[in-house]
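Data from run24.pdb: PDB, C-alpha atoms
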```pdb
ATOM      1  CA  MET W   1     136.968 -64.882-220.756
ATOM      2  CA  SER W   2     136.727 -63.676-224.326
ATOM      3  CA  ALA W   3     139.057 -64.606-227.183
ATOM      4  CA  ASN W   4     140.435 -61.044-227.167
ATOM      5  CA  VAL W   5     141.403 -61.264-223.498
ATOM      6  CA  ALA W   6     143.016 -64.680-223.987
ATOM      7  CA  ALA W   7     144.985 -63.469-226.992
ATOM      8  CA  ARG W   8     146.179 -60.391-225.107
ATOM      9  CA  CYS W   9     147.365 -62.591-222.217
ATOM     10  CA  LEU W  10     149.493 -64.534-224.681
ATOM     11  CA  GLU W  11     150.911 -61.307-226.100
ATOM     12  CA  LEU W  12     151.937 -60.123-222.634
ATOM     13  CA  LEU W  13     153.506 -63.510-221.945
ATOM     14  CA  GLN W  14     155.586 -63.136-225.094
ATOM     15  CA  ASN W  15     156.473 -59.521-224.271
ATOM     16  CA  THR W  16     157.688 -60.313-220.735
ATOM     17  CA  PRO W  17     160.797 -62.566-220.812
ATOM     18  CA  THR W  18     160.922 -62.879-217.012
ATOM     19  CA  ILE W  19     157.577 -64.713-216.862
ATOM     20  CA  ASP W  20     158.155 -68.462-216.641
ATOM     21  CA  THR W  21     154.742 -69.725-215.458
ATOM     22  CA  LEU W  22     151.210 -69.620-216.851
ATOM     23  CA  ASP W  23     148.843 -70.619-214.029
ATOM     24  CA  LEU W  24     145.226 -71.308-215.009
ATOM     25  CA  THR W  25     142.684 -71.331-212.197
ATOM     26  CA  GLY W  26     139.068 -70.506-211.450
ATOM     27  CA  GLY W  27     137.059 -73.408-210.048
ATOM     28  CA  ALA W  28     137.101 -75.520-213.205
ATOM     29  CA  PRO W  29     139.217 -73.552-215.708
ATOM     30  CA  GLU W  30     139.116 -76.488-218.135
ATOM     31  CA  LEU W  31     135.464 -75.701-218.875
ATOM     32  CA  ASN W  32     136.291 -72.189-220.056
ATOM     33  CA  GLY W  33     136.136 -71.885-223.822
ATOM     34  CA  GLN W  34     139.622 -70.301-223.948
ATOM     35  CA  PHE W  35     141.398 -72.860-221.754
ATOM     36  CA  ARG W  36     142.674 -75.165-224.492
ATOM     37  CA  PHE W  37     143.520 -72.229-226.757
ATOM     38  CA  LEU W  38     145.678 -70.650-224.030
ATOM     39  CA  VAL W  39     147.434 -73.909-223.184
ATOM     40  CA  LYS W  40     148.081 -75.001-226.766
ATOM     41  CA  MET W  41     149.257 -71.629-228.047
ATOM     42  CA  ALA W  42     151.445 -70.945-224.999
ATOM     43  CA  ARG W  43     153.132 -74.351-225.242
ATOM     44  CA  GLN W  44     153.627 -74.028-229.004
ATOM     45  CA  TRP W  45     155.139 -70.574-228.625
ATOM     46  CA  ALA W  46     157.446 -71.697-225.793
ATOM     47  CA  ILE W  47     158.744 -74.619-227.887
ATOM     48  CA  GLU W  48     159.277 -72.488-230.992
ATOM     49  CA  ASN W  49     161.186 -69.846-229.018
ATOM     50  CA  GLY W  50     163.182 -72.146-226.772
ATOM     51  CA  ARG W  51     161.529 -70.670-223.703
ATOM     52  CA  LYS W  52     161.104 -72.725-220.549
ATOM     53  CA  LEU W  53     157.475 -72.315-219.518
ATOM     54  CA  THR W  54     155.551 -74.088-216.774
ATOM     55  CA  ILE W  55     151.825 -74.310-217.503
ATOM     56  CA  ILE W  56     149.665 -75.137-214.486
ATOM     57  CA  ASP W  57     146.090 -76.382-214.452
ATOM     58  CA  ARG W  58     144.494 -75.911-211.012
ATOM     59  CA  CYS W  59     142.054 -78.755-211.241
ATOM     60  CA  ASN W  60     139.153 -79.797-209.005
ATOM     61  CA  LEU W  61     139.667 -83.423-210.219
ATOM     62  CA  THR W  62     135.981 -84.245-210.756
ATOM     63  CA  VAL W  63     136.028 -82.244-213.992
ATOM     64  CA  LEU W  64     138.166 -85.029-215.496
ATOM     65  CA  LEU W  65     135.117 -87.293-215.307
ATOM     66  CA  GLU W  66     132.701 -84.921-217.020
ATOM     67  CA  PRO W  67     131.135 -86.322-220.247
ATOM     68  CA  SER W  68     132.589 -83.507-222.342
ATOM     69  CA  GLN W  69     136.122 -83.928-220.961
ATOM     70  CA  GLU W  70     136.988 -87.533-221.845
ATOM     71  CA  ASP W  71     140.143 -86.404-223.667
ATOM     72  CA  LEU W  72     141.240 -83.820-221.097
ATOM     73  CA  VAL W  73     143.952 -85.928-219.438
ATOM     74  CA  ASP W  74     145.464 -86.703-222.856
ATOM     75  CA  PHE W  75     145.366 -83.006-223.755
ATOM     76  CA  LEU W  76     147.140 -82.038-220.536
ATOM     77  CA  LYS W  77     149.779 -84.704-221.104
ATOM     78  CA  GLU W  78     150.388 -83.747-224.723
ATOM     79  CA  ASN W  79     151.030 -80.147-223.683
ATOM     80  CA  SER W  80     153.131 -80.999-220.614
ATOM     81  CA  VAL W  81     150.719 -79.262-218.261
ATOM     82  CA  LYS W  82     151.416 -79.511-214.544
ATOM     83  CA  VAL W  83     148.297 -80.482-212.591
ATOM     84  CA  VAL W  84     147.667 -78.958-209.154
ATOM     85  CA  ALA W  85     144.602 -80.685-207.772
ATOM     86  CA  SER W  86     142.479 -79.899-204.745
ATOM     87  CA  LEU W  87     142.041 -82.762-202.273
ATOM     88  CA  PRO W  88     141.355 -81.309-198.802
ATOM     89  CA  CYS W  89     141.904 -84.642-197.023
ATOM     90  CA  TYR W  90     142.883 -88.266-197.695
ATOM     91  CA  GLY W  91     139.736 -89.452-195.895
ATOM     92  CA  GLU W  92     136.351 -89.828-197.573
ATOM     93  CA  ASP W  93     134.218 -88.412-194.763
ATOM     94  CA  ASN W  94     136.188 -85.171-194.491
ATOM     95  CA  VAL W  95     136.257 -84.531-198.233
ATOM     96  CA  ASP W  96     132.559 -85.246-198.739
ATOM     97  CA  ALA W  97     131.713 -83.031-195.762
ATOM     98  CA  GLN W  98     133.520 -80.120-197.427
ATOM     99  CA  ARG W  99     132.800 -80.756-201.102
ATOM    100  CA  GLY W 100     129.622 -82.831-201.243
ATOM    101  CA  ARG W 101     128.601 -86.475-201.188
ATOM    102  CA  GLY W 102     130.518 -88.685-203.596
ATOM    103  CA  VAL W 103     133.229 -86.124-204.373
ATOM    104  CA  PHE W 104     135.976 -88.157-202.708
ATOM    105  CA  GLN W 105     135.389 -91.303-204.760
ATOM    106  CA  ARG W 106     135.158 -89.257-207.962
ATOM    107  CA  SER W 107     138.410 -87.511-207.020
ATOM    108  CA  ILE W 108     140.125 -90.867-206.449
ATOM    109  CA  ALA W 109     138.908 -92.072-209.857
ATOM    110  CA  ALA W 110     140.306 -88.907-211.459
ATOM    111  CA  LEU W 111     143.665 -89.367-209.709
ATOM    112  CA  HIS W 112     143.825 -92.910-211.069
ATOM    113  CA  LYS W 113     143.327 -91.513-214.582
ATOM    114  CA  LEU W 114     146.186 -89.077-214.052
ATOM    115  CA  ASN W 115     148.459 -91.776-212.649
ATOM    116  CA  GLU W 116     147.673 -94.050-215.591
ATOM    117  CA  ALA W 117     148.757 -91.246-217.923
ATOM    118  CA  GLY W 118     152.081 -90.956-216.089
ATOM    119  CA  TYR W 119     151.287 -88.079-213.745
ATOM    120  CA  GLY W 120     152.737 -88.166-210.235
ATOM    121  CA  SER W 121     155.383 -90.813-210.858
ATOM    122  CA  SER W 122     158.970 -90.180-209.782
ATOM    123  CA  SER W 123     160.074 -91.551-213.156
ATOM    124  CA  SER W 124     157.942 -89.062-215.131
ATOM    125  CA  ASP W 125     158.224 -85.365-215.932
ATOM    126  CA  LEU W 126     154.446 -84.999-215.603
ATOM    127  CA  GLU W 127     153.926 -83.284-212.258
ATOM    128  CA  LEU W 128     150.893 -83.840-210.043
ATOM    129  CA  ASP W 129     150.610 -81.819-206.832
ATOM    130  CA  LEU W 130     147.746 -81.955-204.347
ATOM    131  CA  VAL W 131     146.321 -79.079-202.312
ATOM    132  CA  TYR W 132     145.195 -79.192-198.680
ATOM    133  CA  ASN W 133     143.304 -76.472-196.893
ATOM    134  CA  PRO W 134     141.962 -76.684-193.317
ATOM    135  CA  SER W 135     138.342 -77.669-192.751
ATOM    136  CA  GLY W 136     137.836 -74.932-190.172
ATOM    137  CA  ALA W 137     139.228 -71.891-188.394
ATOM    138  CA  PHE W 138     142.750 -73.157-187.756
ATOM    139  CA  LEU W 139     146.143 -73.020-189.453
ATOM    140  CA  PRO W 140     147.454 -75.839-191.652
ATOM    141  CA  PRO W 141     149.834 -78.309-189.996
ATOM    142  CA  SER W 142     153.418 -78.742-191.178
ATOM    143  CA  GLN W 143     153.364 -79.115-194.956
ATOM    144  CA  GLU W 144     156.251 -81.574-194.890
ATOM    145  CA  SER W 145     154.758 -83.905-192.285
ATOM    146  CA  LEU W 146     151.270 -83.758-193.801
ATOM    147  CA  GLU W 147     152.696 -84.607-197.224
ATOM    148  CA  GLY W 148     154.108 -87.787-195.727
ATOM    149  CA  ASP W 149     150.690 -88.702-194.337
ATOM    150  CA  TYR W 150     148.999 -88.041-197.682
ATOM    151  CA  LYS W 151     151.534 -90.111-199.624
ATOM    152  CA  ARG W 152     151.291 -93.046-197.241
ATOM    153  CA  GLU W 153     147.493 -93.099-197.011
ATOM    154  CA  LEU W 154     146.807 -92.575-200.717
ATOM    155  CA  LEU W 155     149.387 -95.143-201.804
ATOM    156  CA  ASP W 156     148.452 -97.785-199.249
ATOM    157  CA  ASN W 157     144.683 -97.436-199.611
ATOM    158  CA  PHE W 158     144.265 -96.500-203.269
ATOM    159  CA  GLY W 159     147.591 -97.064-205.042
ATOM    160  CA  ILE W 160     147.844 -93.359-205.873
ATOM    161  CA  GLU W 161     151.090 -91.438-206.336
ATOM    162  CA  PHE W 162     151.696 -87.687-206.493
ATOM    163  CA  ASN W 163     154.679 -85.350-206.312
ATOM    164  CA  ASN W 164     154.099 -82.647-203.706
ATOM    165  CA  LEU W 165     151.495 -81.472-201.219
ATOM    166  CA  ILE W 166     150.634 -77.782-201.033
ATOM    167  CA  THR W 167     149.071 -76.403-197.857
ATOM    168  CA  ILE W 168     147.000 -73.233-198.114
ATOM    169  CA  THR W 169     145.542 -71.192-195.251
ATOM    170  CA  ASN W 170     141.858 -70.305-195.350
ATOM    171  CA  MET W 171     141.517 -66.599-196.119
ATOM    172  CA  PRO W 172     138.947 -64.619-194.081
ATOM    173  CA  ILE W 173     137.070 -63.490-197.194
ATOM    174  CA  LYS W 174     133.925 -64.377-199.142
ATOM    175  CA  ARG W 175     132.299 -67.706-198.188
ATOM    176  CA  PHE W 176     134.759 -68.498-195.403
ATOM    177  CA  ALA W 177     134.267 -65.032-193.949
ATOM    178  CA  ASP W 178     130.498 -65.584-194.031
ATOM    179  CA  HIS W 179     130.989 -68.917-192.244
ATOM    180  CA  LEU W 180     133.167 -67.292-189.571
ATOM    181  CA  ALA W 181     130.614 -64.527-189.057
ATOM    182  CA  LYS W 182     127.747 -67.007-188.674
ATOM    183  CA  GLN W 183     129.757 -69.018-186.136
ATOM    184  CA  GLY W 184     130.873 -65.898-184.273
ATOM    185  CA  GLN W 185     134.514 -66.806-184.970
ATOM    186  CA  MET W 186     135.742 -63.910-187.113
ATOM    187  CA  LYS W 187     137.442 -61.997-184.280
ATOM    188  CA  GLU W 188     139.020 -65.174-182.911
ATOM    189  CA  TYR W 189     140.294 -66.250-186.338
ATOM    190  CA  MET W 190     141.755 -62.849-187.149
ATOM    191  CA  GLU W 191     143.526 -62.868-183.780
ATOM    192  CA  LEU W 192     144.932 -66.305-184.662
ATOM    193  CA  LEU W 193     146.331 -64.973-187.938
ATOM    194  CA  VAL W 194     147.747 -61.780-186.457
ATOM    195  CA  ASN W 195     149.251 -63.488-183.387
ATOM    196  CA  ASN W 196     150.983 -66.038-185.645
ATOM    197  CA  TYR W 197     152.475 -63.449-188.009
ATOM    198  CA  ASN W 198     155.829 -64.731-189.255
ATOM    199  CA  PRO W 199     158.158 -62.204-190.940
ATOM    200  CA  GLN W 200     160.040 -65.086-192.573
ATOM    201  CA  THR W 201     157.039 -65.668-194.851
ATOM    202  CA  VAL W 202     157.121 -62.261-196.512
ATOM    203  CA  GLY W 203     159.824 -63.007-199.078
ATOM    204  CA  GLY W 204     157.753 -65.828-200.570
ATOM    205  CA  LEU W 205     154.438 -64.007-200.853
ATOM    206  CA  MET W 206     152.786 -64.632-204.214
ATOM    207  CA  CYS W 207     151.792 -60.974-204.601
ATOM    208  CA  LEU W 208     155.485 -60.161-205.061
ATOM    209  CA  ASN W 209     155.966 -62.297-208.174
ATOM    210  CA  THR W 210     152.502 -63.130-209.503
ATOM    211  CA  ILE W 211     149.857 -61.198-211.418
ATOM    212  CA  SER W 212     146.232 -62.347-211.456
ATOM    213  CA  VAL W 213     144.152 -61.635-214.550
ATOM    214  CA  GLY W 214     140.365 -61.519-214.294
ATOM    215  CA  TRP W 215     137.958 -62.886-216.903
ATOM    216  CA  ASP W 216     137.619 -59.371-218.324
ATOM    217  CA  GLY W 217     141.347 -58.627-218.366
ATOM    218  CA  SER W 218     141.432 -56.669-215.111
ATOM    219  CA  LEU W 219     144.667 -56.962-213.125
ATOM    220  CA  TYR W 220     145.225 -57.908-209.482
ATOM    221  CA  ASP W 221     148.170 -58.546-207.156
ATOM    222  CA  CYS W 222     146.805 -61.966-206.151
ATOM    223  CA  ASP W 223     143.769 -64.262-206.385
ATOM    224  CA  PHE W 224     142.414 -63.040-203.060
ATOM    225  CA  ASN W 225     142.530 -59.382-204.071
ATOM    226  CA  GLN W 226     140.753 -60.442-207.241
ATOM    227  CA  GLN W 227     137.948 -62.026-205.227
ATOM    228  CA  LEU W 228     137.628 -58.769-203.279
ATOM    229  CA  GLY W 229     137.735 -56.555-206.371
ATOM    230  CA  MET W 230     140.974 -54.894-205.241
ATOM    231  CA  GLY W 231     142.449 -54.202-208.657
ATOM    232  CA  ILE W 232     145.904 -52.800-209.368
ATOM    233  CA  ALA W 233     145.426 -49.072-209.766
ATOM    234  CA  GLY W 234     147.449 -46.097-210.977
ATOM    235  CA  LYS W 235     146.952 -42.384-211.379
ATOM    236  CA  SER W 236     144.167 -41.380-213.710
ATOM    237  CA  GLU W 237     144.928 -39.250-216.765
ATOM    238  CA  GLU W 238     141.998 -37.036-215.796
ATOM    239  CA  SER W 239     143.236 -36.353-212.259
ATOM    240  CA  SER W 240     146.596 -36.386-210.506
ATOM    241  CA  SER W 241     145.021 -37.790-207.341
ATOM    242  CA  ALA W 242     142.262 -40.095-208.576
ATOM    243  CA  LYS W 243     143.214 -43.651-209.480
ATOM    244  CA  ARG W 244     141.831 -46.026-212.065
ATOM    245  CA  LYS W 245     142.123 -49.807-212.231
ATOM    246  CA  PHE W 246     144.373 -51.317-214.874
ATOM    247  CA  SER W 247     143.593 -54.021-217.382
ATOM    248  CA  ILE W 248     145.839 -56.054-219.663
ATOM    249  CA  PHE W 249     145.014 -53.614-222.459
ATOM    250  CA  ASP W 250     146.644 -50.724-220.556
ATOM    251  CA  ILE W 251     150.180 -52.155-220.478
ATOM    252  CA  ASP W 252     152.779 -53.352-222.982
ATOM    253  CA  CYS W 253     154.435 -55.910-220.703
ATOM    254  CA  LEU W 254     153.890 -57.123-217.180
ATOM    255  CA  THR W 255     156.999 -55.407-215.823
ATOM    256  CA  ASP W 256     155.153 -52.123-216.383
ATOM    257  CA  LEU W 257     153.347 -52.926-213.120
ATOM    258  CA  GLU W 258     156.466 -53.097-210.952
ATOM    259  CA  LYS W 259     156.262 -49.416-210.024
ATOM    260  CA  TYR W 260     152.877 -49.846-208.313
ATOM    261  CA  SER W 261     152.537 -50.881-204.689
ATOM    262  CA  VAL W 262     150.790 -54.100-203.716
ATOM    263  CA  LEU W 263     147.337 -53.483-202.286
ATOM    264  CA  THR W 264     146.931 -54.947-198.801
ATOM    265  CA  ASP W 265     144.182 -55.424-196.225
ATOM    266  CA  ASN W 266     143.442 -57.559-193.172
ATOM    267  CA  HIS W 267     143.132 -60.766-195.211
ATOM    268  CA  CYS W 268     146.847 -60.549-196.014
ATOM    269  CA  PHE W 269     147.599 -61.871-192.519
ATOM    270  CA  GLY W 270     146.373 -65.217-193.857
ATOM    271  CA  CYS W 271     149.438 -65.470-196.096
ATOM    272  CA  THR W 272     151.897 -64.456-193.355
ATOM    273  CA  ALA W 273     150.673 -66.619-190.452
ATOM    274  CA  GLY W 274     152.577 -69.677-189.283
ATOM    275  CA  SER W 275     154.506 -71.294-192.128
ATOM    276  CA  GLY W 276     152.939 -68.915-194.630
ATOM    277  CA  SER W 277     150.601 -69.564-197.523
ATOM    278  CA  SER W 278     150.817 -69.056-201.259
ATOM    279  CA  CYS W 279     149.674 -70.675-204.488
ATOM    280  CA  GLN W 280     152.817 -72.815-204.195
ATOM    281  CA  GLY W 281     152.228 -73.718-200.548
ATOM    282  CA  ALA W 282     154.128 -72.822-197.396
ATOM    283  CA  THR W 283     156.631 -69.980-197.713
ATOM    284  CA  ALA W 284     158.706 -70.410-194.530
TER     285      ALA W 284
END
```

Give the structure from this file in structure tokens form.
Amino acid sequence: MSANVAARCLELLQNTPTIDTLDLTGGAPELNGQFRFLVKMARQWAIENGRKLTIIDRCNLTVLLEPSQEDLVDFLKENSVKVVASLPCYGEDNVDAQRGRGVFQRSIAALHKLNEAGYGSSSSDLELDLVYNPSGAFLPPSQESLEGDYKRELLDNFGIEFNNLITITNMPIKRFADHLAKQGQMKEYMELLVNNYNPQTVGGLMCLNTISVGWDGSLYDCDFNQQLGMGIAGKSEESSSAKRKFSIFDIDCLTDLEKYSVLTDNHCFGCTAGSGSSCQGATA
């Protein structure tokens, strides 16, 4: 992401009073050269204008132990950044099987750093949420019951505290889609998603209240559409029928996008199956 794109994101944030959350994601967003600029300027602007703004860092945890990131936890704390951290299981074998050897122990060390800074404590305003996603072609269990398991196991075995657990369904796209195809499970998994469609999840879908911005400023209805290149599109000035994809430089505020329909495809059943799935967890 360039400085121009980052600056334009901040302008749109300022121009759109209804936006109350800045959510930074992308594998290890902290390593992006614009990450600290976005966080610092957004927090400063929110304070100066009396605007309540939640800033979220979607963290892979191990980045907190990188040699160049020794001060990252302090930076997040100073700017009241909420940390949403991926930890696919509370057991070492399962995590290392998904993420690589040694990742679990490094993740535990990172969680200790966050706890020491005040994150995850019921007596602190510094929020720490964890994210679970299934290790295979099945739906997440109950978010509420699994949260209880996580809290008990992490506290008893490692002395770790956190606020909430978020469960996210595996979407049948990209690497997971390749895995399903190789295992001959794509048809079976899609049937699982479709057969477990829950209309009660629709009201909480993230595509209804979230805009995803790509590294180049392109706009998407959600992270998954972004991964698939399904950009928000409108009528082209050159043709009444042809459509062109929008970027942050094509709009004055984010509410300009409300008149355009959300783009959908088969992967959307992943967000509407069972208890639902969104960047904030279950939706029903």

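Of the residues under consideration (W:Phe75, W:Tyr119, W:Trp215, W:Phe246), W:Phe75 shows the shortest atom-to-atom contact distance to W:Glu30 when counting all atoms listed in the file.
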
Q.
I'd like the neighbourhood of W:Met186 as a VMD selection string, where a residue qualifies if any of its atoms comes within 10 Å (using all atoms listed in the file), though same-chain residues fewer than 4 positions away should be ignored.
A. chain W and resid 137 172 176 to 182 190 to 192

How about saving the chosen residues, C-alpha atoms kept, as a PDB file, in the coordinates of the input?
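This went into result_24.pdb:
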```pdb
ATOM      1  CA  ALA W 137     139.228 -71.891-188.394  1.00  0.00           C
ATOM      2  CA  PRO W 172     138.947 -64.619-194.081  1.00  0.00           C
ATOM      3  CA  PHE W 176     134.759 -68.498-195.403  1.00  0.00           C
ATOM      4  CA  ALA W 177     134.267 -65.032-193.949  1.00  0.00           C
ATOM      5  CA  ASP W 178     130.498 -65.584-194.031  1.00  0.00           C
ATOM      6  CA  HIS W 179     130.989 -68.917-192.244  1.00  0.00           C
ATOM      7  CA  LEU W 180     133.167 -67.292-189.571  1.00  0.00           C
ATOM      8  CA  ALA W 181     130.614 -64.527-189.057  1.00  0.00           C
ATOM      9  CA  LYS W 182     127.747 -67.007-188.674  1.00  0.00           C
ATOM     10  CA  MET W 190     141.755 -62.849-187.149  1.00  0.00           C
ATOM     11  CA  GLU W 191     143.526 -62.868-183.780  1.00  0.00           C
ATOM     12  CA  LEU W 192     144.932 -66.305-184.662  1.00  0.00           C
TER      13      LEU W 192
END
```

Q | Expansion of the PyMOL selection byres ((chain W and resi 80-97) around 6) into residues, as a ChimeraX atom specification | A | /W:55-60,76-79,98-101,103-104,127-133

Just to be explicit: take each residue in the selection above, keep C-alpha atoms, and write the result as a tab-separated table (two decimals), keeping the file's coordinate frame.
```
chain	number	residue	atom	x	y	z
W	55	ILE	CA	151.82	-74.31	-217.50
W	56	ILE	CA	149.66	-75.14	-214.49
W	57	ASP	CA	146.09	-76.38	-214.45
W	58	ARG	CA	144.49	-75.91	-211.01
W	59	CYS	CA	142.05	-78.76	-211.24
W	60	ASN	CA	139.15	-79.80	-209.00
W	76	LEU	CA	147.14	-82.04	-220.54
W	77	LYS	CA	149.78	-84.70	-221.10
W	78	GLU	CA	150.39	-83.75	-224.72
W	79	ASN	CA	151.03	-80.15	-223.68
W	98	GLN	CA	133.52	-80.12	-197.43
W	99	ARG	CA	132.80	-80.76	-201.10
W	100	GLY	CA	129.62	-82.83	-201.24
W	101	ARG	CA	128.60	-86.48	-201.19
W	103	VAL	CA	133.23	-86.12	-204.37
W	104	PHE	CA	135.98	-88.16	-202.71
W	127	GLU	CA	153.93	-83.28	-212.26
W	128	LEU	CA	150.89	-83.84	-210.04
W	129	ASP	CA	150.61	-81.82	-206.83
W	130	LEU	CA	147.75	-81.96	-204.35
W	131	VAL	CA	146.32	-79.08	-202.31
W	132	TYR	CA	145.20	-79.19	-198.68
W	133	ASN	CA	143.30	-76.47	-196.89
```

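Listed by chain and then by number, the residues chosen by the PyMOL selection byres ((chain W and resi 277) around 10) in this file are W:Leu139, W:Pro140, W:Ile166, W:Thr167, W:Ile168, W:Thr169, W:Asn170, W:Met171, W:Thr201, W:Val202, W:Gly204, W:Leu205, W:Met206, W:Cys268, W:Phe269, W:Gly270, W:Cys271, W:Thr272, W:Ala273, W:Gly274, W:Ser275, W:Gly276, W:Ser278, W:Cys279, W:Gln280, W:Gly281, W:Ala282, W:Thr283, W:Ala284.
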
Q: Quick one: apply the PyMOL selection byres ((chain W and resi 18) around 12) to the file and drop the selected residues here as a list of chain:residue names.
A: W:Leu12, W:Leu13, W:Gln14, W:Asn15, W:Thr16, W:Pro17, W:Ile19, W:Asp20, W:Thr21, W:Leu22, W:Arg51, W:Lys52, W:Leu53, W:Asn209, W:Thr210, W:Cys253, W:Leu254, W:Thr255

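When all atoms listed in the file are used to measure the gap to W:Asp221, the shortest distance among W:Thr264, W:Ser107, W:Gln143, W:Ser124 belongs to W:Thr264.
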
Return as AutoDock Vina command-line options the centre and edge lengths, in Å with one decimal, of the box along x, y and z that encloses every atom of stretch 37-52 of chain W in the file, padded by 6 Å per side.
```
--center_x 153.4 --center_y -72.4 --center_z -225.8 --size_x 31.7 --size_y 17.2 --size_z 22.4
```

Who sits within 7 Å of stretch 34-38 of chain W, all atoms listed in the file, same chain under 3 positions skipped, as a PDB file with C-alpha atoms, in the coordinates of the input:
```
ATOM      1  CA  MET W   1     136.968 -64.882-220.756  1.00  0.00           C
ATOM      2  CA  ALA W   3     139.057 -64.606-227.183  1.00  0.00           C
ATOM      3  CA  ALA W   6     143.016 -64.680-223.987  1.00  0.00           C
ATOM      4  CA  PRO W  29     139.217 -73.552-215.708  1.00  0.00           C
ATOM      5  CA  GLU W  30     139.116 -76.488-218.135  1.00  0.00           C
ATOM      6  CA  MET W  41     149.257 -71.629-228.047  1.00  0.00           C
ATOM      7  CA  ALA W  42     151.445 -70.945-224.999  1.00  0.00           C
TER       8      ALA W  42
END
```

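For the pair atom CA of W:Val262 and atom CA of W:Pro199, the interatomic distance is 16.8 Å.
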
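In this model, the gap between atom CA of W:Ala46 and atom CA of W:Leu208 comes to 23.8 Å.
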